[in-house]
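Trainee: Dumping the structure here so I can ask a few things about it.
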Amino acid sequence: DWRVFQAQDLAFVVVGTTFGIAFERIFRIFFQAFPWARLSATKAWLVRRLPRGVPRVPAILAGLMTLSFCVYMSFYTVLQHLRLGTMSWDMAIFDNLMWNLIRGEWFKASPVLGPEGSHIQYHATFIAYVFAPFYAIYQHTETLLVLQATLAGLGGIPLYLVARRRLGSGWAALPFVYAYLVHGPLHGPIFYDFHFITTAPF
């Protein structure tokens, strides 16, 4: 219930900090007790018996999962927009901001700030410059929705690489990619209009 800590900032900070410290300690104990040597021996035994080329399979699977997510989410978030499921607040603001940006009107957002106001007074969304060339190709709201879904999904690739490096196995890294891509709190923002922060995981 999100209202538990409403107007209870100090209580929220105390509970959140206590939880974080305890959780970190539990993970530290777990990773110290984990039989890493046995896992490494099992991995070495498997690698010796696998045919050449099989070690690339986890990376290919991670790529396919990520690609599937990007295509699926892009299609359905655009479909939701075409069915009038988006709102004329943030979606309109950022679409207008990008339209103005590629015409030299930096951070002008007419729907909310009128003809003279600058959106930079609310959010320093300099990543809009990175998005601008893609938006210039197809100057429609759908471009922003596809970029958002794609960049959110592409977060699975660096996650796979980090997990593979830390765990020493592509197969061990795959569940992390899967868990990331099916995580509900990742899907919600993709279907809630467009926001630059949703692309942050990548």
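Residue numbering restarts at 1 in every chain; chains get A, B, ... in the order shown in the structure tokens, and ligands count up from 1 in that same order.
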What's the 7 Å shell around Cys70 of chain A, counting only C-alpha atoms, without same-chain residues fewer than 5 positions away, as a PyMOL selection string?
Mentor: chain A and resi 149-150+153
Trainee: Extract, using only C-alpha atoms, all DNA, RNA and protein residues at most 10 Å from Pro158 of chain A, discarding same-chain residues fewer than 6 positions from it, and format them as a PyMOL selection string.
Mentor: chain A and resi 164+177+201-202
Trainee: Got a sec: who's within 10 Å of Leu167 of chain A, counting only C-alpha atoms, leaving out chain neighbours fewer than 6 positions off, as a CSV table (one decimal) with C-alpha atoms, in the first residue's frame?
Mentor:
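Output contents, as saved in around.csv:
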```csv
chain,number,residue,atom,x,y,z
A,36,TRP,CA,32.0,-21.5,-6.0
A,39,LEU,CA,30.5,-24.7,-9.6
A,40,SER,CA,33.8,-23.8,-11.4
A,161,LEU,CA,27.5,-9.1,-20.3
A,173,ALA,CA,23.6,-15.1,-16.9
```
Trainee: Would you please work out which residue, of A:Trp171, A:Gly20, A:Ile157, A:Ala179, is nearest to Leu67 of chain A when using only C-alpha atoms?
Mentor: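 The answer is A:Ile157, which sits nearest to Leu67 of chain A.
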Trainee: Per DSSP on the backbone, filter chain A down to the residues in helix (DSSP H, G or I) and report them as a VMD selection string.
Mentor: chain A and resid 2 to 5 9 to 33 36 to 49 54 to 82 90 to 101 110 to 113 119 to 121 128 to 137 141 to 154 156 to 167 170 to 181 184 to 190 196 to 199
Trainee: Which residue out of A:Phe191, A:Tyr122, A:Gly170, A:Leu10 has the minimum interatomic distance to Arg56 of chain A when only C-alpha atoms are used?
Mentor: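 Of the candidates, the smallest distance to Arg56 of chain A is held by A:Gly170.
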Trainee: May I ask which of the residues A:Val14, A:Val130, A:Ala109, A:Leu64 is the closest one to Thr199 of chain A, counting only C-alpha atoms?
Mentor: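 The answer is A:Val130, which sits nearest to Thr199 of chain A.
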Trainee: Rank A:Leu97, A:Arg103, A:Gln139, A:Val146 by their smallest atom-to-atom distance to Ile120 of chain A, using only C-alpha atoms, and report the top residue only.
Mentor: A:Leu97
Trainee: Would you work out the distance separating atom CA of Ser118 of chain A from atom CA of Phe131 of chain A, expressed in Å to one decimal?
Mentor: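 Taking atom CA of Ser118 of chain A as the start and atom CA of Phe131 of chain A as the end point, the length is 18.2 Å.
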Trainee: Identify which of the residues A:Phe69, A:Phe94, A:Tyr180, A:Phe126 lies closest to Asp193 of chain A, counting only C-alpha atoms when measuring atom-to-atom distances.
Mentor: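 Residue with the minimum atom-to-atom distance to Asp193 of chain A: A:Phe94.
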Trainee: From the set A:His140, A:His119, A:His195, A:His81, which residue has the shortest atom-to-atom contact distance to Trp99 of chain A, counting only C-alpha atoms?
Mentor: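 Closest candidate: A:His140.
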Trainee: Would you pick out the contacts of Thr125 of chain A at 9 Å or less, using only C-alpha atoms, so that residues sharing its chain but fewer than 2 positions from it are not included, and give the list as an MDAnalysis selection string?
Mentor: chainID A and resid 107 119:120 123 127:129 196:197
Trainee: Enter the distance from atom CA of Ile102 of chain A to atom CA of Tyr138 of chain A, in Å, rounded to one decimal.
Mentor: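 Interatomic distance here is 11.5 Å.
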Trainee: Pick out the residues sitting within 9 Å of Asn96 of chain A, and hand them over as a list in words; count only C-alpha atoms, and ignore anything fewer than 2 positions along from it in its own chain.
Mentor: Met91, Ala92, Ile93, Phe94, Met98, Trp99, Asn100, Leu101, Lys108, Ala109, Ser110 and Pro111 of chain A
Trainee: If you keep C-alpha atoms, can you produce a file of those selected residues as a PDB file, in the first residue's frame?
Mentor:
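Dumped to selection26.pdb:
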```pdb
ATOM      1  CA  MET A  91       3.212  12.348 -24.600  1.00  0.00           C
ATOM      2  CA  ALA A  92       2.207  15.631 -26.257  1.00  0.00           C
ATOM      3  CA  ILE A  93       4.854  17.629 -24.386  1.00  0.00           C
ATOM      4  CA  PHE A  94       7.745  15.410 -25.457  1.00  0.00           C
ATOM      5  CA  MET A  98      11.301  16.862 -30.153  1.00  0.00           C
ATOM      6  CA  TRP A  99       9.494  18.467 -33.098  1.00  0.00           C
ATOM      7  CA  ASN A 100      10.761  21.883 -32.022  1.00  0.00           C
ATOM      8  CA  LEU A 101      14.249  20.589 -31.200  1.00  0.00           C
ATOM      9  CA  LYS A 108      10.452  24.630 -26.477  1.00  0.00           C
ATOM     10  CA  ALA A 109       7.301  22.841 -25.286  1.00  0.00           C
ATOM     11  CA  SER A 110       4.310  24.874 -26.366  1.00  0.00           C
ATOM     12  CA  PRO A 111       1.508  22.656 -24.939  1.00  0.00           C
TER      13      PRO A 111
END
```
Trainee: Could you tell me how far atom CA of Leu174 of chain A lies from atom CA of Tyr160 of chain A, in Å and to one decimal?
Mentor: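 Atom-to-atom, atom CA of Leu174 of chain A and atom CA of Tyr160 of chain A are spaced 6.7 Å apart.
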